[in-house]
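Undergrad: Have a look at the structure that comes next, please.
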Amino acid sequence: MITEKEKMIAGEYYLAGDPVLVKDRRKSKNLLHRLNVTEYRITKKAREIIKELIPNAGPNLYIEPPFFCDYGYNISCGENVYFNVNCVVLDCAKVTIGSNVFFAPGVQLYTATHPLDAELRKTLENALPITIGDDCWIGGNSVICPGITIGNGCVIGAGSVVTKDIPDNSLAVGNPAKVIRKLNE
């Protein structure tokens, strides 16, 4: 029988109040409290907390506290990934981040979504994965919505809300974000 955690990661409707998921979120919140409150500065101890929180990260993952996520284990990063202050990653589904990716302050990645049907929404939720390619810069206070793929070499302008996939080497800005030009051409 498929577990609620497996349903969540697969993008199916699941019960967020499942005891296993509640326990996993509690563990994440405890690690985040240590990172955001107890350590706050990037120290050897803070790096150990980050490694435990986000075990699927390549070398040189740098997180400037405060940082927030649901689980941590659904986030995978390549090398040289930087999160500035106040970033939020709702990682109910997989969040795949390439190498050399920079997140400005206040960036929010939302895999979590909810049924449009009001009755279903009372008990169930679901999540869709987010993928961000290599060599991207996500501008301050941008929001990346569920199910989005941002290609390699992209820049997302500050304050953008990304509701559609962004092709490689694009500059996208606005709400909703639109590609305004290609980069590196």
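Residues in the structure tokens are numbered from 1 in each chain, the chains being A, B, ... in the order shown, and ligands are numbered from 1 in the order shown.
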Need the shell around Asn36 of chain A: protein/DNA/RNA residues with any atom at most 9 Å away, counting only C-alpha atoms. Skip same-chain ones fewer than 4 positions apart. Format as a PyMOL selection string?
TA: chain A and resi 31-32+40-41+64-68
Undergrad: Once you have the residues from the selection above, write them out as a tab-separated table (two decimals), in the first residue's frame, restricted to C-alpha atoms.
TA:
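Result file out-v2.tsv:
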chain	number	residue	atom	x	y	z
A	31	LEU	CA	16.69	21.92	12.66
A	32	LEU	CA	15.47	25.25	11.29
A	40	TYR	CA	22.11	32.35	13.02
A	41	ARG	CA	25.65	32.95	11.75
A	64	GLU	CA	21.94	32.92	5.01
A	65	PRO	CA	19.47	32.61	7.92
A	66	PRO	CA	16.63	32.88	8.38
A	67	PHE	CA	15.59	30.12	5.97
A	68	PHE	CA	12.39	28.09	5.91
Undergrad: Hey, what's within 12 Å of Ile180 of chain A if we count only C-alpha atoms and toss same-chain stuff fewer than 6 positions away? As number ranges by chain, please?
TA: A: 154-157, 166-167, 169-174
Undergrad: Skipping near chain neighbours, those fewer than 3 positions away, what residues fall within 7 Å of Asn74 of chain A using only C-alpha atoms, listed as a list in words?
TA: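 These residues fall inside the cut-off: Tyr71, Asp91, Cys92, Ala93, Lys94 and Val95 of chain A.
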Undergrad: Counting only C-alpha atoms, what is within 10 Å of Val143 of chain A, bar same-chain residues fewer than 6 positions away, as an NGL selection string?
TA: :A and (88 or 106-110 or 156 or 158-163 or 175-177)
Undergrad: Save out the residues we just selected, C-alpha atoms, as a PDB file, in the first residue's frame.
TA:
ATOM      1  CA  VAL A  88      11.131  29.823   1.697  1.00  0.00           C
ATOM      2  CA  GLY A 106      12.780  36.670   0.065  1.00  0.00           C
ATOM      3  CA  VAL A 107      12.594  34.169  -2.809  1.00  0.00           C
ATOM      4  CA  GLN A 108       9.821  31.613  -2.371  1.00  0.00           C
ATOM      5  CA  LEU A 109       9.558  28.216  -4.057  1.00  0.00           C
ATOM      6  CA  TYR A 110       6.132  26.610  -3.694  1.00  0.00           C
ATOM      7  CA  ILE A 156      14.265  36.009 -12.971  1.00  0.00           C
ATOM      8  CA  ALA A 158      12.955  40.860  -8.664  1.00  0.00           C
ATOM      9  CA  GLY A 159       9.321  40.546  -7.629  1.00  0.00           C
ATOM     10  CA  SER A 160       8.415  38.170 -10.445  1.00  0.00           C
ATOM     11  CA  VAL A 161       5.782  35.461 -10.094  1.00  0.00           C
ATOM     12  CA  VAL A 162       6.741  32.511 -12.286  1.00  0.00           C
ATOM     13  CA  THR A 163       3.594  30.669 -13.383  1.00  0.00           C
ATOM     14  CA  ASN A 175       3.579  39.129 -12.580  1.00  0.00           C
ATOM     15  CA  PRO A 176       3.049  36.777 -14.222  1.00  0.00           C
ATOM     16  CA  ALA A 177       6.672  36.480 -15.316  1.00  0.00           C
TER      17      ALA A 177
END
Undergrad: Apply DSSP to the structure's backbone, then extract all residues of chain A labelled helix (DSSP H, G or I) and return them as a PyMOL selection string.
TA: chain A and resi 4-10+19-39+44-53+118-121
Undergrad: Tell me which of A:Cys69, A:Ile49, A:Leu61, A:Met8 sits closest to Lys29 of chain A, counting only C-alpha atoms.
TA: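 Under the stated criterion, the closest residue is A:Cys69.
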